[in-house]
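What follows is the content of protein04.txt, which has compact mmCIF, C-alpha atoms:
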```
# COMPACT_ATOMS: atom_id res chain seq x y z
CA MET N 872 167.20 156.29 82.55
CA SER N 873 163.68 157.63 82.18
CA THR N 874 161.74 159.00 85.12
CA PRO N 875 158.97 156.70 86.39
CA ASN N 876 155.40 157.86 86.14
CA GLU N 877 152.10 156.76 87.61
CA ALA N 878 151.24 154.65 84.59
CA SER N 879 154.43 152.63 84.92
CA VAL N 880 154.31 152.03 88.67
CA ALA N 881 154.53 148.35 89.43
CA SER N 882 151.53 147.13 91.40
CA ALA N 883 152.45 146.01 94.91
CA THR N 884 150.41 145.51 98.03
CA TYR N 885 151.79 146.10 101.52
CA THR N 886 149.72 144.69 104.36
CA ARG N 887 152.21 144.06 107.18
CA ALA N 888 153.89 146.88 109.09
CA LEU N 889 157.53 146.73 110.07
CA PRO N 890 158.15 146.27 113.82
CA LEU N 891 157.79 149.46 115.81
CA ALA N 892 161.32 150.12 117.09
CA ARG N 893 161.22 152.57 119.98
CA ARG N 894 162.71 153.44 123.34
CA ALA N 895 160.68 153.03 126.50
CA SER N 896 160.08 156.80 126.57
CA ASP N 897 158.88 156.99 122.95
CA ARG N 898 155.25 157.52 122.02
CA ARG N 899 153.11 154.56 120.99
CA ILE N 900 149.55 155.16 119.77
CA GLU N 901 147.25 152.15 119.38
CA VAL N 902 144.26 152.59 117.05
CA PHE N 903 141.78 150.46 115.13
CA SER N 904 141.30 151.17 111.44
CA PRO N 905 137.71 150.74 110.19
CA LYS N 906 139.01 150.83 106.62
CA LEU N 907 141.55 148.03 107.14
CA GLY N 908 139.69 146.13 109.84
CA ARG N 909 142.75 145.75 112.05
CA ARG N 910 144.77 147.46 114.78
CA LEU N 911 147.66 149.81 114.04
CA SER N 912 150.55 150.87 116.27
CA LEU N 913 151.72 154.38 115.44
CA SER N 914 154.88 156.02 116.70
CA SER N 915 154.02 159.72 116.50
CA TYR N 916 151.25 162.27 116.58
CA ALA N 917 152.08 163.10 112.95
CA ALA N 918 151.52 159.46 111.94
CA TRP N 919 148.20 159.53 113.80
CA GLN N 920 147.16 162.63 111.85
CA LEU N 921 148.12 160.98 108.56
CA TRP N 922 146.18 157.85 109.49
CA LEU N 923 143.01 159.86 110.14
CA ALA N 924 143.45 161.67 106.81
CA LEU N 925 143.63 158.28 105.06
CA GLU N 926 140.51 157.05 106.87
CA ALA N 927 138.71 160.25 105.85
CA ASN N 928 139.51 160.02 102.13
CA PRO N 929 136.98 157.84 100.25
CA ALA N 930 139.43 157.48 97.35
CA VAL N 931 141.97 155.67 99.56
CA ALA N 932 141.38 151.98 98.93
CA ALA N 933 144.21 150.53 101.04
CA PHE N 934 147.21 151.59 103.08
CA CYS N 935 149.85 150.21 105.41
CA GLU N 936 151.80 151.89 108.21
CA ARG N 937 155.61 151.56 108.32
CA PRO N 938 155.70 149.58 105.07
CA ALA N 939 159.41 149.84 104.27
CA VAL N 940 162.72 151.44 105.18
CA LEU N 941 164.08 154.13 102.91
CA ASP N 942 167.69 153.25 102.15
CA GLY N 943 170.39 155.86 102.61
CA SER N 944 171.89 157.88 105.40
CA PRO N 945 170.12 158.24 107.70
CA ARG N 946 167.80 155.25 107.14
CA ARG N 947 164.18 156.30 107.64
CA THR N 948 161.04 154.25 107.95
CA LEU N 949 158.37 155.39 105.51
CA ASP N 950 155.17 156.40 107.28
CA PHE N 951 152.61 154.86 104.90
CA TRP N 952 152.12 153.06 101.63
CA VAL N 953 148.82 154.12 100.03
CA ARG N 954 146.72 152.82 97.15
CA PHE N 955 144.51 155.59 95.83
CA ASN N 956 141.59 154.80 93.48
CA ARG N 957 140.51 157.23 90.80
CA VAL N 958 137.76 156.74 88.23
CA ASN N 959 138.80 153.76 86.09
CA SER N 960 142.36 153.82 87.48
CA ALA N 961 144.46 153.42 90.60
CA HIS N 962 147.87 154.54 91.69
CA GLU N 963 150.16 154.05 94.66
CA PHE N 964 152.55 156.25 96.59
CA TRP N 965 154.59 156.42 99.78
CA LEU N 966 153.96 159.04 102.47
CA LEU N 967 156.70 160.45 104.67
CA VAL N 968 156.35 163.30 107.16
CA ASP N 969 158.92 165.99 106.43
CA GLU N 970 160.76 166.36 109.72
CA THR N 971 162.56 169.57 108.68
CA ASN N 972 161.76 172.95 110.20
CA ASP N 973 159.23 174.89 108.11
CA ASP N 974 161.52 177.91 108.37
CA ALA N 975 164.61 176.03 107.19
CA THR N 976 166.49 177.23 104.14
CA SER N 977 164.96 175.92 100.92
CA ASP N 978 166.64 174.89 97.71
CA GLU N 979 165.78 176.20 94.23
CA ALA N 980 162.92 173.72 93.92
CA GLY N 981 161.37 175.02 97.14
CA LEU N 982 162.15 171.87 99.14
CA PRO N 983 163.55 172.22 102.67
CA ALA N 984 167.31 171.81 102.67
CA SER N 985 167.47 168.46 104.46
CA SER N 986 164.79 167.01 102.17
CA THR N 987 166.77 167.47 98.97
CA SER N 988 168.66 164.22 99.53
CA LEU N 989 165.47 162.18 99.61
CA PRO N 990 164.51 160.43 96.36
CA LYS N 991 161.29 161.34 94.57
CA TRP N 992 160.74 157.66 93.75
CA PHE N 993 161.31 154.50 95.76
CA ARG N 994 160.85 150.98 94.35
CA GLY N 995 159.21 152.53 91.30
CA THR N 996 156.58 154.36 93.34
CA ALA N 997 156.36 158.10 93.99
CA LEU N 998 157.45 159.39 97.42
CA ARG N 999 155.34 162.25 98.77
CA LEU N 1000 156.66 164.43 101.58
CA ILE N 1001 154.06 165.87 103.96
CA PRO N 1002 155.25 169.16 105.53
CA ARG N 1003 154.50 169.87 109.17
CA SER N 1004 152.66 173.01 108.03
CA THR N 1005 150.22 170.79 106.12
CA LEU N 1006 149.55 168.71 109.22
CA ARG N 1007 148.86 171.89 111.20
CA ALA N 1008 146.41 173.01 108.50
CA TRP N 1009 144.54 169.71 108.95
CA SER N 1010 143.91 170.29 112.66
CA ILE N 1011 140.14 170.81 112.37
CA PRO N 1012 139.27 167.94 110.00
CA VAL N 1013 141.63 165.61 111.90
CA ALA N 1014 139.93 166.47 115.20
CA ASN N 1015 136.54 165.83 113.58
CA TRP N 1016 137.56 162.46 112.20
CA ALA N 1017 139.03 161.49 115.54
CA GLN N 1018 135.46 161.80 116.87
CA MET N 1019 133.92 160.00 113.90
CA VAL N 1020 136.20 156.95 113.70
CA PRO N 1021 134.84 155.27 116.89
CA HIS N 1022 131.38 155.41 115.30
CA LEU N 1023 132.79 153.81 112.15
CA VAL N 1024 134.28 151.01 114.23
CA THR N 1025 130.83 150.36 115.71
CA TRP N 1026 129.28 150.54 112.25
CA ARG N 1027 131.72 147.96 110.91
CA ARG N 1028 130.34 145.44 113.40
CA PHE N 1029 126.66 146.40 113.52
CA ALA N 1030 125.99 147.92 110.08
CA ASP N 1031 122.38 148.64 109.13
CA PRO N 1032 122.38 149.22 105.34
CA LEU N 1033 118.68 150.13 105.30
CA LEU N 1034 119.23 152.89 107.86
CA ALA N 1035 122.20 154.23 105.90
CA GLN N 1036 120.21 154.24 102.67
CA SER N 1037 117.30 156.03 104.35
CA ILE N 1038 119.66 158.74 105.62
CA ALA N 1039 121.23 159.10 102.17
CA VAL N 1040 117.78 159.63 100.64
CA TYR N 1041 116.91 162.20 103.33
CA LEU N 1042 120.06 164.19 102.57
CA GLY N 1043 118.93 165.37 99.15
CA GLN N 1044 119.67 168.86 100.47
CA TYR N 1045 121.91 170.15 103.25
CA ARG N 1046 120.74 169.01 106.68
CA SER N 1047 122.42 169.42 110.03
CA LEU N 1048 123.50 166.55 112.25
CA ASP N 1049 120.73 167.55 114.66
CA ASP N 1050 118.22 167.35 111.77
CA VAL N 1051 119.36 163.83 110.94
CA LEU N 1052 119.17 162.63 114.54
CA GLU N 1053 115.71 164.15 114.96
CA ARG N 1054 114.43 162.65 111.69
CA PHE N 1055 115.68 159.19 112.68
CA ALA N 1056 114.85 159.45 116.38
CA ASP N 1057 113.17 156.03 116.28
CA ASN N 1058 116.66 154.57 115.83
CA ASP N 1059 119.43 154.53 118.39
CA SER N 1060 121.14 157.92 118.06
CA ALA N 1061 124.62 156.39 118.12
CA MET N 1062 123.71 154.08 115.24
CA ALA N 1063 122.14 156.92 113.26
CA GLU N 1064 125.33 158.90 113.72
CA ALA N 1065 127.44 155.89 112.73
CA ALA N 1066 125.33 155.37 109.61
CA LEU N 1067 125.77 159.02 108.63
CA TYR N 1068 129.55 158.92 109.10
CA SER N 1069 129.80 155.67 107.14
CA LEU N 1070 128.16 157.45 104.21
CA VAL N 1071 130.73 160.25 104.50
CA ALA N 1072 133.60 157.75 104.68
CA ASN N 1073 132.32 156.03 101.53
CA GLY N 1074 131.95 159.30 99.63
CA ARG N 1075 128.16 159.03 99.35
CA VAL N 1076 127.60 162.06 101.61
CA LEU N 1077 129.61 165.28 101.67
CA SER N 1078 130.21 167.94 104.31
CA THR N 1079 132.37 170.98 103.69
CA ASP N 1080 131.80 171.97 107.33
CA LEU N 1081 134.02 169.09 108.48
CA SER N 1082 137.02 170.88 106.95
CA THR N 1083 136.33 174.26 108.50
CA SER N 1084 134.47 173.88 111.79
CA PRO N 1085 134.45 171.53 114.79
CA LEU N 1086 131.91 168.72 114.54
CA SER N 1087 128.65 169.68 116.27
CA GLY N 1088 124.90 169.41 115.95
CA SER N 1089 124.96 172.24 113.38
CA THR N 1090 127.44 170.48 111.05
CA ARG N 1091 125.74 170.16 107.67
CA PHE N 1092 125.65 167.12 105.37
CA ARG N 1093 124.33 166.48 101.87
CA ARG N 1094 124.15 163.51 99.53
CA ALA N 1095 126.96 163.51 96.96
```
Output the structure of this file as structure tokens.
Amino acid sequence: MSTPNEASVASATYTRALPLARRASDRRIEVFSPKLGRRLSLSSYAAWQLWLALEANPAVAAFCERPAVLDGSPRRTLDFWVRFNRVNSAHEFWLLVDETNDDATSDEAGLPASSTSLPKWFRGTALRLIPRSTLRAWSIPVANWAQMVPHLVTWRRFADPLLAQSIAVYLGQYRSLDDVLERFADNDSAMAEAALYSLVANGRVLSTDLSTSPLSGSTRFRRA
């Protein structure tokens, strides 16, 4: 049997999460996704980090939390199904946090020992394991997006396209957040901030600072 590839992945859309099975002492994190326009219930800090990474990536067109159960022993609920858009193409994949210890013995392929039994494909779609070390490396951008998402929720309800376009034009070169708020001081500062972050979320504005430094008035932005 041939190995599946991205070109042969059957198109499927997952929009409804499986029930969140948990004990009374287990974590439950309630969030609202600006990208999906609905609430999500997440069962771990790692799932919350992954969710913010999906909100932050303009190429992510759709996703669903707890979309399916991975058959086998033990049975595991997949963390996310994701549809990722590229130029003139799209592909889908599953995301699953790798629960193994980063220091655990690895096999010849470099995968942690307890991950070797997991399939690379599930229902014809690639399964991507996210190591805990990767989540730790995302700590700064995740913290920044945790601050930005509430603004995006506001923007979803009270969007001002003219304000967003004016900010995009202004950002022909790198400008700080303070510069943007000062330039558009005639507008409500919260809405100006929301407009700026909506441009970042849509890929129209870039900021390398968001990956390396905590969000502040000196964080720089530029039109893509």
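Here the selection is built from only C-alpha atoms, and the residues within 12 Å of (127.3, 157.4, 118.4) turn out to be N:Gln1018, N:Met1019, N:Val1020, N:Pro1021, N:His1022, N:Leu1023, N:Val1024, N:Thr1025, N:Trp1026, N:Leu1048, N:Leu1052, N:Asn1058, N:Asp1059, N:Ser1060, N:Ala1061, N:Met1062, N:Ala1063, N:Glu1064, N:Ala1065, N:Ala1066, N:Leu1067, N:Tyr1068, N:Ser1069.
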Would you pick out the contacts of Leu891 in chain N at 12 Å or less, using only C-alpha atoms, so that residues sharing its chain but fewer than 4 positions from it are not included, and give the list as an NGL selection string?
:N and (887 or 895 or 897-901 or 911-915 or 936-940 or 948-950)
Counting all atoms listed in the file, what is within 7 Å of range 1077-1080 of chain N, bar same-chain residues fewer than 6 positions away, as a list in words?
Val1071, Thr1090, Arg1091, Phe1092, Arg1093, Arg1094 and Ala1095 of chain N
Best match for closeness to Lys906 in chain N among N:Val968, N:Leu1034, N:Ala927, N:Val1013, counting only C-alpha atoms:
N:Ala927
Considering all atoms listed in the file, state which residue in the set N:Gln1044, N:Ser1037, N:Ser1084, N:Ser988 is at the smallest distance from Arg946 in chain N.
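Smallest distance to Arg946 in chain N is found for N:Ser988.
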Just checking: using all atoms listed in the file, which residue out of N:Leu989, N:Leu923, N:Leu998, N:Ala1014 ends up closest to Phe903 in chain N?
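Nearest candidate to Phe903 in chain N out of N:Leu989, N:Leu923, N:Leu998, N:Ala1014: N:Leu923.
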Residue among N:Arg947, N:Pro929, N:Thr971, N:Trp992 lying closest to Val1076 in chain N, counting all atoms listed in the file:
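The answer is N:Pro929, which sits nearest to Val1076 in chain N.
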Atomic distance CA of Trp952 in chain N - CA of Ile1001 in chain N, expressed in Å with one decimal
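These two atoms are separated by 13.2 Å.
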For CA of Phe934 in chain N and CA of Ala888 in chain N, determine how far apart the two atoms are, in Å to one decimal place.
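Result for CA of Phe934 in chain N versus CA of Ala888 in chain N: 10.1 Å, one decimal.
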Selection near Phe955 in chain N, 10 Å with only C-alpha atoms, sequence-local residues under 4 positions removed, as number ranges by chain:
N: 925, 928-934, 960-964
Residue selection dump (C-alpha atoms) as a PDB file, in the frame of the given file:
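Contents of part.pdb, freshly written:
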```pdb
ATOM      1  CA  LEU N 925     143.630 158.280 105.060  1.00  0.00           C
ATOM      2  CA  ASN N 928     139.510 160.020 102.130  1.00  0.00           C
ATOM      3  CA  PRO N 929     136.980 157.840 100.250  1.00  0.00           C
ATOM      4  CA  ALA N 930     139.430 157.480  97.350  1.00  0.00           C
ATOM      5  CA  VAL N 931     141.970 155.670  99.560  1.00  0.00           C
ATOM      6  CA  ALA N 932     141.380 151.980  98.930  1.00  0.00           C
ATOM      7  CA  ALA N 933     144.210 150.530 101.040  1.00  0.00           C
ATOM      8  CA  PHE N 934     147.210 151.590 103.080  1.00  0.00           C
ATOM      9  CA  SER N 960     142.360 153.820  87.480  1.00  0.00           C
ATOM     10  CA  ALA N 961     144.460 153.420  90.600  1.00  0.00           C
ATOM     11  CA  HIS N 962     147.870 154.540  91.690  1.00  0.00           C
ATOM     12  CA  GLU N 963     150.160 154.050  94.660  1.00  0.00           C
ATOM     13  CA  PHE N 964     152.550 156.250  96.590  1.00  0.00           C
TER      14      PHE N 964
END
```
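CA of Glu970 in chain N to CA of Arg909 in chain N spans 27.5 Å [interatomic distance, one decimal].
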From the set N:Leu1070, N:Ala917, N:Leu1042, N:Ala1017, which residue has the shortest atom-to-atom contact distance to Ser1004 in chain N, counting all atoms listed in the file?
N:Ala917
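Taking all atoms listed in the file into account, Ala997 in chain N lies nearest to N:Phe951 out of the set N:Ala1030, N:Phe951, N:Arg910, N:Ala1039.
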Restore N, CA, C and O atoms in range 1067-1080 of chain N and list the result as a PDB file, in the coordinates of the input.
```
ATOM      1  N   LEU N1067     125.459 157.782 109.337  1.00  0.00           N
ATOM      2  CA  LEU N1067     125.770 159.020 108.630  1.00  0.00           C
ATOM      3  C   LEU N1067     127.266 159.103 108.318  1.00  0.00           C
ATOM      4  O   LEU N1067     127.666 159.397 107.187  1.00  0.00           O
ATOM      5  N   TYR N1068     128.102 158.807 109.306  1.00  0.00           N
ATOM      6  CA  TYR N1068     129.550 158.920 109.100  1.00  0.00           C
ATOM      7  C   TYR N1068     130.059 157.849 108.140  1.00  0.00           C
ATOM      8  O   TYR N1068     131.036 158.080 107.419  1.00  0.00           O
ATOM      9  N   SER N1069     129.402 156.698 108.109  1.00  0.00           N
ATOM     10  CA  SER N1069     129.800 155.670 107.140  1.00  0.00           C
ATOM     11  C   SER N1069     129.540 156.145 105.718  1.00  0.00           C
ATOM     12  O   SER N1069     130.316 155.844 104.804  1.00  0.00           O
ATOM     13  N   LEU N1070     128.465 156.894 105.530  1.00  0.00           N
ATOM     14  CA  LEU N1070     128.160 157.450 104.210  1.00  0.00           C
ATOM     15  C   LEU N1070     129.214 158.482 103.803  1.00  0.00           C
ATOM     16  O   LEU N1070     129.607 158.562 102.636  1.00  0.00           O
ATOM     17  N   VAL N1071     129.668 159.281 104.779  1.00  0.00           N
ATOM     18  CA  VAL N1071     130.730 160.250 104.500  1.00  0.00           C
ATOM     19  C   VAL N1071     132.023 159.523 104.149  1.00  0.00           C
ATOM     20  O   VAL N1071     132.712 159.866 103.180  1.00  0.00           O
ATOM     21  N   ALA N1072     132.362 158.505 104.915  1.00  0.00           N
ATOM     22  CA  ALA N1072     133.600 157.750 104.680  1.00  0.00           C
ATOM     23  C   ALA N1072     133.600 157.076 103.313  1.00  0.00           C
ATOM     24  O   ALA N1072     134.665 156.919 102.696  1.00  0.00           O
ATOM     25  N   ASN N1073     132.426 156.694 102.829  1.00  0.00           N
ATOM     26  CA  ASN N1073     132.320 156.030 101.530  1.00  0.00           C
ATOM     27  C   ASN N1073     132.150 157.008 100.370  1.00  0.00           C
ATOM     28  O   ASN N1073     132.048 156.587  99.221  1.00  0.00           O
ATOM     29  N   GLY N1074     132.089 158.304 100.678  1.00  0.00           N
ATOM     30  CA  GLY N1074     131.950 159.300  99.630  1.00  0.00           C
ATOM     31  C   GLY N1074     130.536 159.499  99.133  1.00  0.00           C
ATOM     32  O   GLY N1074     130.317 160.221  98.156  1.00  0.00           O
ATOM     33  N   ARG N1075     129.550 158.891  99.785  1.00  0.00           N
ATOM     34  CA  ARG N1075     128.160 159.030  99.350  1.00  0.00           C
ATOM     35  C   ARG N1075     127.516 160.288  99.910  1.00  0.00           C
ATOM     36  O   ARG N1075     126.503 160.769  99.378  1.00  0.00           O
ATOM     37  N   VAL N1076     128.084 160.823 100.992  1.00  0.00           N
ATOM     38  CA  VAL N1076     127.600 162.060 101.610  1.00  0.00           C
ATOM     39  C   VAL N1076     128.781 162.992 101.798  1.00  0.00           C
ATOM     40  O   VAL N1076     129.885 162.543 102.143  1.00  0.00           O
ATOM     41  N   LEU N1077     128.558 164.282 101.569  1.00  0.00           N
ATOM     42  CA  LEU N1077     129.610 165.280 101.670  1.00  0.00           C
ATOM     43  C   LEU N1077     129.311 166.262 102.795  1.00  0.00           C
ATOM     44  O   LEU N1077     128.143 166.479 103.154  1.00  0.00           O
ATOM     45  N   SER N1078     130.371 166.875 103.323  1.00  0.00           N
ATOM     46  CA  SER N1078     130.210 167.940 104.310  1.00  0.00           C
ATOM     47  C   SER N1078     131.435 168.849 104.260  1.00  0.00           C
ATOM     48  O   SER N1078     132.505 168.470 104.745  1.00  0.00           O
ATOM     49  N   THR N1079     131.266 170.021 103.695  1.00  0.00           N
ATOM     50  CA  THR N1079     132.370 170.980 103.690  1.00  0.00           C
ATOM     51  C   THR N1079     132.641 171.513 105.089  1.00  0.00           C
ATOM     52  O   THR N1079     133.758 171.949 105.386  1.00  0.00           O
ATOM     53  N   ASP N1080     131.628 171.464 105.963  1.00  0.00           N
ATOM     54  CA  ASP N1080     131.800 171.970 107.330  1.00  0.00           C
ATOM     55  C   ASP N1080     132.871 171.187 108.087  1.00  0.00           C
ATOM     56  O   ASP N1080     133.539 171.742 108.969  1.00  0.00           O
TER      57      ASP N1080
END
```
